[in-house]
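Undergrad: upload-v1.cif (mmCIF, C-alpha atoms) pasted underneath:
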data_query
loop_
_atom_site.group_PDB
_atom_site.id
_atom_site.type_symbol
_atom_site.label_atom_id
_atom_site.label_comp_id
_atom_site.auth_asym_id
_atom_site.auth_seq_id
_atom_site.Cartn_x
_atom_site.Cartn_y
_atom_site.Cartn_z
ATOM 1 C CA MET A 14 49.564 -16.044 -62.403
ATOM 2 C CA ASP A 15 49.356 -17.639 -58.937
ATOM 3 C CA VAL A 16 49.115 -21.422 -59.261
ATOM 4 C CA PHE A 17 49.895 -22.332 -55.651
ATOM 5 C CA PRO A 18 46.620 -23.725 -54.211
ATOM 6 C CA SER A 19 45.810 -23.166 -50.549
ATOM 7 C CA THR A 20 43.911 -26.455 -50.135
ATOM 8 C CA PRO A 21 44.625 -30.043 -51.239
ATOM 9 C CA ARG A 22 43.205 -31.857 -54.286
ATOM 10 C CA ALA A 23 43.096 -28.650 -56.346
ATOM 11 C CA HIS A 24 43.465 -30.625 -59.569
ATOM 12 C CA ARG A 25 39.851 -31.702 -59.317
ATOM 13 C CA ASN A 26 39.233 -28.231 -60.767
ATOM 14 C CA PRO A 27 40.096 -28.246 -64.507
ATOM 15 C CA VAL A 28 40.685 -24.477 -64.387
ATOM 16 C CA VAL A 29 43.645 -24.990 -62.049
ATOM 17 C CA VAL A 30 45.085 -27.670 -64.346
ATOM 18 C CA ALA A 31 44.643 -25.413 -67.382
ATOM 19 C CA ARG A 32 46.447 -22.552 -65.625
ATOM 20 C CA LYS A 33 49.375 -24.831 -64.935
ATOM 21 C CA MET A 34 49.451 -26.184 -68.476
ATOM 22 C CA ALA A 35 49.883 -22.601 -69.668
ATOM 23 C CA LEU A 36 53.120 -22.394 -67.630
ATOM 24 C CA LEU A 37 54.946 -25.444 -68.984
ATOM 25 C CA LYS A 38 57.447 -23.207 -70.793
ATOM 26 C CA ALA A 39 57.927 -20.746 -67.925
ATOM 27 C CA PRO A 40 61.623 -20.032 -67.191
ATOM 28 C CA HIS A 41 61.745 -22.221 -64.075
ATOM 29 C CA LEU A 42 60.027 -25.141 -65.801
ATOM 30 C CA ALA A 43 60.824 -25.234 -69.531
ATOM 31 C CA LYS A 44 63.932 -27.398 -69.177
ATOM 32 C CA LEU A 45 62.075 -29.854 -66.928
ATOM 33 C CA THR A 46 59.107 -30.019 -69.304
ATOM 34 C CA GLU A 47 61.433 -30.948 -72.166
ATOM 35 C CA PHE A 48 63.099 -33.545 -69.932
ATOM 36 C CA ALA A 49 59.806 -35.237 -68.999
ATOM 37 C CA GLN A 50 58.635 -35.239 -72.606
ATOM 38 C CA ARG A 51 61.900 -36.811 -73.736
ATOM 39 C CA ILE A 52 61.575 -39.577 -71.154
ATOM 40 C CA ALA A 53 58.066 -40.307 -72.446
ATOM 41 C CA THR A 54 59.381 -40.555 -75.998
ATOM 42 C CA GLU A 55 62.362 -42.735 -75.085
ATOM 43 C CA ARG A 56 60.379 -45.077 -72.851
ATOM 44 C CA LYS A 57 57.253 -45.038 -75.053
ATOM 45 C CA ALA A 58 55.276 -44.518 -71.856
ATOM 46 C CA ASP A 59 53.096 -41.974 -70.079
ATOM 47 C CA VAL A 60 55.239 -39.630 -67.986
ATOM 48 C CA PRO A 61 53.484 -36.964 -65.879
ATOM 49 C CA LEU A 62 54.928 -33.473 -66.176
ATOM 50 C CA PHE A 63 56.671 -31.453 -63.485
ATOM 51 C CA ASP A 64 54.365 -29.094 -61.603
ATOM 52 C CA PRO A 65 54.717 -25.341 -62.298
ATOM 53 C CA ALA A 66 53.588 -24.809 -58.683
ATOM 54 C CA SER A 67 57.117 -25.609 -57.529
ATOM 55 C CA GLY A 68 60.634 -24.245 -57.508
ATOM 56 C CA GLY A 69 61.295 -25.938 -60.846
ATOM 57 C CA VAL A 70 64.989 -25.946 -61.759
ATOM 58 C CA ASN A 71 65.638 -23.618 -58.797
ATOM 59 C CA SER A 72 64.286 -26.110 -56.253
ATOM 60 C CA LYS A 73 66.200 -26.681 -53.041
ATOM 61 C CA VAL A 74 64.195 -29.752 -51.958
ATOM 62 C CA LEU A 75 63.300 -32.822 -54.021
ATOM 63 C CA LEU A 76 60.397 -34.985 -52.845
ATOM 64 C CA LEU A 77 61.000 -38.411 -54.344
ATOM 65 C CA LEU A 78 58.283 -41.065 -54.570
ATOM 66 C CA GLU A 79 58.397 -44.420 -56.349
ATOM 67 C CA SER A 80 56.237 -44.105 -59.501
ATOM 68 C CA PRO A 81 53.246 -42.082 -60.759
ATOM 69 C CA GLY A 82 49.835 -42.809 -59.293
ATOM 70 C CA PRO A 83 46.583 -42.996 -61.265
ATOM 71 C CA ALA A 84 45.553 -39.422 -60.441
ATOM 72 C CA SER A 85 48.510 -38.060 -62.391
ATOM 73 C CA SER A 86 46.970 -39.550 -65.534
ATOM 74 C CA GLY A 87 44.014 -37.244 -65.051
ATOM 75 C CA SER A 88 45.918 -34.027 -64.339
ATOM 76 C CA GLY A 89 49.008 -34.785 -66.394
ATOM 77 C CA PHE A 90 51.194 -33.572 -63.516
ATOM 78 C CA ASN A 91 53.355 -35.049 -60.794
ATOM 79 C CA SER A 92 51.963 -32.882 -58.019
ATOM 80 C CA PRO A 93 50.846 -32.609 -54.381
ATOM 81 C CA ASP A 94 47.730 -30.991 -55.870
ATOM 82 C CA ASN A 95 46.505 -34.178 -57.548
ATOM 83 C CA ASP A 96 43.064 -35.433 -56.604
ATOM 84 C CA ASP A 97 44.096 -38.490 -54.601
ATOM 85 C CA PRO A 98 44.798 -39.264 -50.935
ATOM 86 C CA THR A 99 48.556 -39.752 -51.363
ATOM 87 C CA ALA A 100 48.964 -36.299 -52.906
ATOM 88 C CA ALA A 101 46.691 -34.826 -50.227
ATOM 89 C CA ASN A 102 48.927 -36.329 -47.534
ATOM 90 C CA VAL A 103 52.028 -34.808 -49.162
ATOM 91 C CA PHE A 104 50.256 -31.435 -49.346
ATOM 92 C CA ALA A 105 49.258 -31.635 -45.654
ATOM 93 C CA ALA A 106 52.676 -32.805 -44.459
ATOM 94 C CA MET A 107 54.463 -30.007 -46.324
ATOM 95 C CA ALA A 108 52.035 -27.433 -44.927
ATOM 96 C CA GLU A 109 52.395 -28.750 -41.362
ATOM 97 C CA ALA A 110 56.188 -28.778 -41.659
ATOM 98 C CA GLY A 111 56.438 -25.312 -43.194
ATOM 99 C CA LEU A 112 58.092 -26.663 -46.354
ATOM 100 C CA SER A 113 57.336 -24.129 -49.086
ATOM 101 C CA ARG A 114 56.109 -25.369 -52.440
ATOM 102 C CA ARG A 115 58.118 -22.527 -53.992
ATOM 103 C CA VAL A 116 61.427 -24.221 -53.126
ATOM 104 C CA SER A 117 60.311 -27.822 -53.646
ATOM 105 C CA LEU A 118 59.852 -30.241 -56.521
ATOM 106 C CA SER A 119 57.968 -33.551 -56.622
ATOM 107 C CA TRP A 120 59.155 -36.426 -58.773
ATOM 108 C CA ASN A 121 59.341 -40.234 -58.921
ATOM 109 C CA VAL A 122 62.325 -42.580 -58.966
ATOM 110 C CA VAL A 123 60.574 -44.317 -61.888
ATOM 111 C CA PRO A 124 58.940 -41.403 -63.745
ATOM 112 C CA TRP A 125 56.708 -43.433 -66.066
ATOM 113 C CA HIS A 126 53.422 -45.166 -65.240
ATOM 114 C CA LEU A 127 53.666 -48.802 -64.120
ATOM 115 C CA ASN A 128 49.921 -49.555 -64.122
ATOM 116 C CA ASN A 129 49.677 -49.435 -60.332
ATOM 117 C CA ARG A 130 52.347 -52.050 -59.640
ATOM 118 C CA GLU A 131 55.432 -51.577 -57.495
ATOM 119 C CA PRO A 132 58.669 -50.876 -59.390
ATOM 120 C CA SER A 133 60.687 -53.999 -60.171
ATOM 121 C CA PRO A 134 64.487 -54.129 -59.903
ATOM 122 C CA ALA A 135 64.589 -53.809 -63.696
ATOM 123 C CA ASP A 136 62.370 -50.691 -63.558
ATOM 124 C CA LEU A 137 64.630 -49.108 -60.956
ATOM 125 C CA ARG A 138 67.786 -49.864 -62.932
ATOM 126 C CA ALA A 139 66.243 -48.451 -66.120
ATOM 127 C CA ALA A 140 65.340 -45.245 -64.282
ATOM 128 C CA VAL A 141 68.825 -44.577 -62.866
ATOM 129 C CA PRO A 142 70.141 -42.404 -65.749
ATOM 130 C CA TYR A 143 67.071 -40.163 -65.609
ATOM 131 C CA LEU A 144 67.369 -39.433 -61.894
ATOM 132 C CA VAL A 145 71.088 -38.780 -62.272
ATOM 133 C CA GLU A 146 70.309 -36.334 -65.093
ATOM 134 C CA LEU A 147 67.642 -34.593 -63.025
ATOM 135 C CA LEU A 148 70.016 -34.143 -60.102
ATOM 136 C CA ARG A 149 72.508 -32.455 -62.414
ATOM 137 C CA MET A 150 69.810 -30.008 -63.523
ATOM 138 C CA LEU A 151 68.830 -29.057 -59.966
ATOM 139 C CA THR A 152 71.940 -27.037 -59.169
ATOM 140 C CA ALA A 153 70.434 -25.333 -56.091
ATOM 141 C CA LEU A 154 69.330 -28.615 -54.484
ATOM 142 C CA LYS A 155 70.063 -29.002 -50.762
ATOM 143 C CA ALA A 156 67.906 -31.922 -49.597
ATOM 144 C CA VAL A 157 66.046 -34.982 -50.842
ATOM 145 C CA VAL A 158 63.053 -36.472 -49.032
ATOM 146 C CA VAL A 159 62.911 -40.140 -50.032
ATOM 147 C CA LEU A 160 59.376 -41.448 -49.559
ATOM 148 C CA GLY A 161 59.059 -45.198 -49.105
ATOM 149 C CA ARG A 162 61.181 -48.289 -49.670
ATOM 150 C CA PRO A 163 61.190 -48.504 -53.517
ATOM 151 C CA ALA A 164 62.146 -44.828 -53.717
ATOM 152 C CA GLY A 165 64.900 -45.566 -51.222
ATOM 153 C CA THR A 166 66.213 -48.398 -53.385
ATOM 154 C CA GLY A 167 66.160 -46.134 -56.443
ATOM 155 C CA TRP A 168 67.989 -43.426 -54.531
ATOM 156 C CA THR A 169 70.680 -45.890 -53.451
ATOM 157 C CA LEU A 170 71.225 -46.771 -57.124
ATOM 158 C CA SER A 171 71.164 -43.184 -58.381
ATOM 159 C CA GLY A 172 71.817 -40.574 -55.776
ATOM 160 C CA ARG A 173 75.061 -41.275 -53.978
ATOM 161 C CA GLY A 174 77.901 -38.786 -54.143
ATOM 162 C CA HIS A 175 75.773 -35.669 -54.514
ATOM 163 C CA LYS A 176 76.510 -34.251 -51.026
ATOM 164 C CA LEU A 177 72.833 -33.657 -50.275
ATOM 165 C CA LYS A 178 70.932 -34.005 -47.022
ATOM 166 C CA VAL A 179 68.915 -37.215 -47.510
ATOM 167 C CA LEU A 180 65.828 -37.726 -45.356
ATOM 168 C CA ASN A 181 64.004 -41.048 -45.396
ATOM 169 C CA ALA A 182 60.294 -41.028 -44.628
ATOM 170 C CA PRO A 183 57.315 -43.388 -44.910
ATOM 171 C CA HIS A 184 55.439 -43.513 -48.197
ATOM 172 C CA PRO A 185 52.567 -40.992 -47.888
ATOM 173 C CA SER A 186 49.821 -43.266 -49.240
ATOM 174 C CA PRO A 187 47.033 -44.050 -46.756
ATOM 175 C CA LEU A 188 47.880 -47.754 -47.146
ATOM 176 C CA HIS A 189 51.274 -47.124 -45.561
ATOM 177 C CA ILE A 190 50.616 -44.166 -43.242
ATOM 178 C CA ASN A 191 47.437 -45.558 -41.699
ATOM 179 C CA ARG A 192 49.097 -48.808 -40.616
ATOM 180 C CA ASP A 193 50.732 -46.777 -37.860
ATOM 181 C CA ARG A 194 49.578 -43.195 -38.255
ATOM 182 C CA ALA A 195 50.649 -42.209 -34.741
ATOM 183 C CA GLY A 196 54.215 -43.192 -35.580
ATOM 184 C CA ARG A 197 54.512 -42.671 -39.324
ATOM 185 C CA TRP A 198 52.793 -39.315 -39.793
ATOM 186 C CA PRO A 199 55.209 -37.513 -37.429
ATOM 187 C CA GLN A 200 58.120 -39.142 -39.309
ATOM 188 C CA LEU A 201 56.790 -37.783 -42.607
ATOM 189 C CA VAL A 202 56.271 -34.283 -41.210
ATOM 190 C CA ASP A 203 59.663 -34.275 -39.483
ATOM 191 C CA ALA A 204 61.446 -35.197 -42.737
ATOM 192 C CA CYS A 205 59.699 -32.316 -44.479
ATOM 193 C CA ARG A 206 60.589 -29.981 -41.598
ATOM 194 C CA GLN A 207 64.270 -30.941 -41.773
ATOM 195 C CA ALA A 208 64.200 -30.413 -45.542
ATOM 196 C CA ALA A 209 62.721 -26.957 -45.016
ATOM 197 C CA ALA A 210 65.525 -26.145 -42.575
ATOM 198 C CA ALA A 211 68.125 -27.373 -45.072
ATOM 199 C CA ALA A 212 66.580 -25.181 -47.780
ATOM 200 C CA GLY A 213 67.097 -22.133 -45.545
#
How does this structure look as structure tokens?
TA:
Amino acid sequence: MDVFPSTPRAHRNPVVVARKMALLKAPHLAKLTEFAQRIATERKADVPLFDPASGGVNSKVLLLLESPGPASSGSGFNSPDNDDPTAANVFAAMAEAGLSRRVSLSWNVVPWHLNNREPSPADLRAAVPYLVELLRMLTALKAVVVLGRPAGTGWTLSGRGHKLKVLNAPHPSPLHINRDRAGRWPQLVDACRQAAAAAG
């Protein structure tokens, strides 16, 4: 079953979402599905699932944002295919950079919904053990693309000592990118391009 869309915002189609839901226990994803569901139980919060249209546990690149956006509530996934402009920008930047979805995984420093507010220092500290655990699961990981300042703070708390190529880039939301699109969009694409090179 091919669940890698060729155009952005594919999750506006419920058929695409249903196809992905059928793959939650696929070999590359089952462990990550269990992980996300456990976080939801422990935090008593809504945690979007990892996207089957990814490298799953075999991923070589981790795209790390700050916290789930509202569109992930609709699809149930943390995904560049979500029906929102931030996800569409991630989709476009990866495509422009030649970063394959098949070797990549999208996730958030704080994996549970924060009702559209920025993560607090307490949120970031609470999320540290989960990111550390995820990094241990991703044994093929080569590079991390850290998207935006809160994600960068979370990475500083969680990600040191893993001997990974770390690429900092602007947050892909229109609110951030469009403040200086001529400068920030190339930075986003270049980070994805370097991650693709690191993945080999």
Undergrad: Would you kindly return, as a ChimeraX atom specification, each protein, DNA or RNA residue with an atom no farther than 8 Å from any atom of segment 62-70 of chain A, considering only C-alpha atoms and excluding same-chain residues fewer than 3 positions away?
TA: /A:16-17,33,36-37,39,41-42,44-46,49-50,73,89-92,114-120,150-153
Undergrad: I'd like the residues picked by the PyMOL selection byres ((chain A and resi 126-143) around 10) written out as a ChimeraX atom specification, using the chain letters and numbers from the file.
TA: /A:48-49,52-53,56,58-61,79-83,85-86,121-125,144-149,163-164,166-172
Undergrad: To test your reading of the syntax: which residues would the PyMOL selection byres ((chain A and resi 186) around 10) return for the file shown? Reply as a list in words.
TA: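 After applying the PyMOL selection byres ((chain A and resi 186) around 10), what remains is Asp97, Pro98, Thr99, Ala100, Ala101, Asn102, Val103, Leu160, Gly161, Pro183, His184, Pro185, Pro187, Leu188, His189, Ile190 and Asn191 of chain A.
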Undergrad: Save out the residues we just selected, C-alpha atoms, as a PDB file, keeping the file's coordinate frame.
TA:
ATOM      1  CA  ASP A  97      44.096 -38.490 -54.601  1.00  0.00           C
ATOM      2  CA  PRO A  98      44.798 -39.264 -50.935  1.00  0.00           C
ATOM      3  CA  THR A  99      48.556 -39.752 -51.363  1.00  0.00           C
ATOM      4  CA  ALA A 100      48.964 -36.299 -52.906  1.00  0.00           C
ATOM      5  CA  ALA A 101      46.691 -34.826 -50.227  1.00  0.00           C
ATOM      6  CA  ASN A 102      48.927 -36.329 -47.534  1.00  0.00           C
ATOM      7  CA  VAL A 103      52.028 -34.808 -49.162  1.00  0.00           C
ATOM      8  CA  LEU A 160      59.376 -41.448 -49.559  1.00  0.00           C
ATOM      9  CA  GLY A 161      59.059 -45.198 -49.105  1.00  0.00           C
ATOM     10  CA  PRO A 183      57.315 -43.388 -44.910  1.00  0.00           C
ATOM     11  CA  HIS A 184      55.439 -43.513 -48.197  1.00  0.00           C
ATOM     12  CA  PRO A 185      52.567 -40.992 -47.888  1.00  0.00           C
ATOM     13  CA  PRO A 187      47.033 -44.050 -46.756  1.00  0.00           C
ATOM     14  CA  LEU A 188      47.880 -47.754 -47.146  1.00  0.00           C
ATOM     15  CA  HIS A 189      51.274 -47.124 -45.561  1.00  0.00           C
ATOM     16  CA  ILE A 190      50.616 -44.166 -43.242  1.00  0.00           C
ATOM     17  CA  ASN A 191      47.437 -45.558 -41.699  1.00  0.00           C
TER      18      ASN A 191
END
Undergrad: Of the candidates A:Ala212, A:Leu112, A:Met34, A:Leu201, which shows the shortest atom-to-atom distance to Ala156 of chain A, using only C-alpha atoms?
TA: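 Residue with the minimum atom-to-atom distance to Ala156 of chain A: A:Ala212.
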Undergrad: Using all atoms listed in the file, which protein or nucleic acid residues come within 10 Å of Thr20 of chain A? Drop anything in the same chain fewer than 5 positions from it, and give the result as a ChimeraX atom specification.
TA: /A:94,101,104-105,108
Undergrad: Measure the distance from atom CA of Ala204 of chain A to atom CA of Lys176 of chain A in Å and round it to one decimal.
TA: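 Rounded to one decimal, the two atoms are 17.2 Å apart.
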Undergrad: Mind giving me the straight-line distance from atom CA of Val159 of chain A to atom CA of Leu77 of chain A in Å, one decimal?
TA: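 Distance between the two atoms: 5.0 Å.
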Undergrad: Kindly give the distance, in Å, that separates atom CA of Trp198 of chain A and atom CA of Met107 of chain A, rounded to a single decimal.
TA: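 Value for the atom CA of Trp198 of chain A-atom CA of Met107 of chain A distance: 11.5 Å.
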Undergrad: Hey, could you pull the box centre and edge lengths for segment 76-85 of chain A, axis-aligned, 8 Å padding per side, all listed atoms, to one decimal in Å, as AutoDock Vina command-line options?
TA:
--center_x 53.3 --center_y -39.7 --center_z -57.6 --size_x 31.4 --size_y 25.4 --size_z 25.5
Undergrad: On this structure, the PyMOL selection byres ((chain A and resi 205) around 9) would catch which residues? List them as a VMD selection string, sorted by chain and number.
TA: chain A and resid 76 106 to 107 109 to 112 158 180 182 200 to 204 206 to 210
Undergrad: Nearest to Leu75 of chain A: which of A:Asn181, A:Lys155, A:Gly165, A:Ala195 is it, counting only C-alpha atoms?
TA: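 Of all the options, A:Lys155 lies closest to Leu75 of chain A.
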Undergrad: Go through A:Glu47, A:Glu55, A:Gly87, A:Val74 and flag the residue nearest Asn26 of chain A, using all atoms listed in the file for the distances.
TA: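 Nearest candidate to Asn26 of chain A out of A:Glu47, A:Glu55, A:Gly87, A:Val74: A:Gly87.
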Undergrad: Could you rebuild segment 27-58 of chain A with N, CA and C atoms and give me the result as a tab-separated table (two decimals), keeping the file's coordinate frame?
TA:
chain	number	residue	atom	x	y	z
A	27	PRO	N	39.38	-28.31	-63.23
A	27	PRO	CA	40.10	-28.25	-64.51
A	27	PRO	C	40.68	-26.87	-64.81
A	28	VAL	N	40.14	-25.82	-64.18
A	28	VAL	CA	40.68	-24.48	-64.39
A	28	VAL	C	42.10	-24.39	-63.82
A	29	VAL	N	42.32	-24.99	-62.66
A	29	VAL	CA	43.64	-24.99	-62.05
A	29	VAL	C	44.64	-25.73	-62.95
A	30	VAL	N	44.22	-26.88	-63.46
A	30	VAL	CA	45.08	-27.67	-64.35
A	30	VAL	C	45.42	-26.88	-65.61
A	31	ALA	N	44.42	-26.20	-66.17
A	31	ALA	CA	44.64	-25.41	-67.38
A	31	ALA	C	45.62	-24.27	-67.13
A	32	ARG	N	45.51	-23.63	-65.97
A	32	ARG	CA	46.45	-22.55	-65.62
A	32	ARG	C	47.88	-23.07	-65.58
A	33	LYS	N	48.04	-24.26	-65.02
A	33	LYS	CA	49.38	-24.83	-64.94
A	33	LYS	C	49.89	-25.23	-66.32
A	34	MET	N	49.03	-25.79	-67.14
A	34	MET	CA	49.45	-26.18	-68.48
A	34	MET	C	49.98	-24.99	-69.28
A	35	ALA	N	49.44	-23.82	-68.98
A	35	ALA	CA	49.88	-22.60	-69.67
A	35	ALA	C	51.28	-22.17	-69.24
A	36	LEU	N	51.81	-22.80	-68.16
A	36	LEU	CA	53.12	-22.39	-67.63
A	36	LEU	C	54.22	-23.42	-67.89
A	37	LEU	N	53.97	-24.38	-68.76
A	37	LEU	CA	54.95	-25.44	-68.98
A	37	LEU	C	56.26	-24.93	-69.56
A	38	LYS	N	56.23	-23.77	-70.22
A	38	LYS	CA	57.45	-23.21	-70.79
A	38	LYS	C	57.94	-21.99	-70.02
A	39	ALA	N	57.44	-21.82	-68.79
A	39	ALA	CA	57.93	-20.75	-67.92
A	39	ALA	C	59.42	-20.97	-67.64
A	40	PRO	N	60.17	-19.90	-67.35
A	40	PRO	CA	61.62	-20.03	-67.19
A	40	PRO	C	62.06	-21.10	-66.19
A	41	HIS	N	61.33	-21.24	-65.09
A	41	HIS	CA	61.74	-22.22	-64.08
A	41	HIS	C	61.38	-23.65	-64.44
A	42	LEU	N	60.57	-23.81	-65.51
A	42	LEU	CA	60.03	-25.14	-65.80
A	42	LEU	C	60.36	-25.67	-67.19
A	43	ALA	N	60.69	-24.81	-68.12
A	43	ALA	CA	60.82	-25.23	-69.53
A	43	ALA	C	61.78	-26.40	-69.70
A	44	LYS	N	62.93	-26.34	-69.05
A	44	LYS	CA	63.93	-27.40	-69.18
A	44	LYS	C	63.40	-28.72	-68.62
A	45	LEU	N	62.64	-28.65	-67.54
A	45	LEU	CA	62.08	-29.85	-66.93
A	45	LEU	C	60.94	-30.43	-67.78
A	46	THR	N	60.16	-29.55	-68.41
A	46	THR	CA	59.11	-30.02	-69.30
A	46	THR	C	59.70	-30.81	-70.47
A	47	GLU	N	60.75	-30.27	-71.06
A	47	GLU	CA	61.43	-30.95	-72.17
A	47	GLU	C	62.00	-32.29	-71.71
A	48	PHE	N	62.53	-32.32	-70.50
A	48	PHE	CA	63.10	-33.54	-69.93
A	48	PHE	C	62.03	-34.62	-69.78
A	49	ALA	N	60.89	-34.27	-69.19
A	49	ALA	CA	59.81	-35.24	-69.00
A	49	ALA	C	59.27	-35.74	-70.33
A	50	GLN	N	59.14	-34.84	-71.29
A	50	GLN	CA	58.64	-35.24	-72.61
A	50	GLN	C	59.62	-36.16	-73.32
A	51	ARG	N	60.90	-35.94	-73.12
A	51	ARG	CA	61.90	-36.81	-73.74
A	51	ARG	C	61.87	-38.21	-73.12
A	52	ILE	N	61.69	-38.27	-71.80
A	52	ILE	CA	61.58	-39.58	-71.15
A	52	ILE	C	60.39	-40.34	-71.74
A	53	ALA	N	59.26	-39.66	-71.89
A	53	ALA	CA	58.07	-40.31	-72.45
A	53	ALA	C	58.33	-40.86	-73.83
A	54	THR	N	59.06	-40.11	-74.64
A	54	THR	CA	59.38	-40.56	-76.00
A	54	THR	C	60.33	-41.75	-75.97
A	55	GLU	N	61.36	-41.66	-75.14
A	55	GLU	CA	62.36	-42.74	-75.08
A	55	GLU	C	61.79	-44.02	-74.50
A	56	ARG	N	60.94	-43.90	-73.52
A	56	ARG	CA	60.38	-45.08	-72.85
A	56	ARG	C	59.08	-45.55	-73.50
A	57	LYS	N	58.56	-44.73	-74.43
A	57	LYS	CA	57.25	-45.04	-75.05
A	57	LYS	C	56.21	-45.31	-73.97
A	58	ALA	N	56.15	-44.37	-73.02
A	58	ALA	CA	55.28	-44.52	-71.86
A	58	ALA	C	54.73	-43.16	-71.45
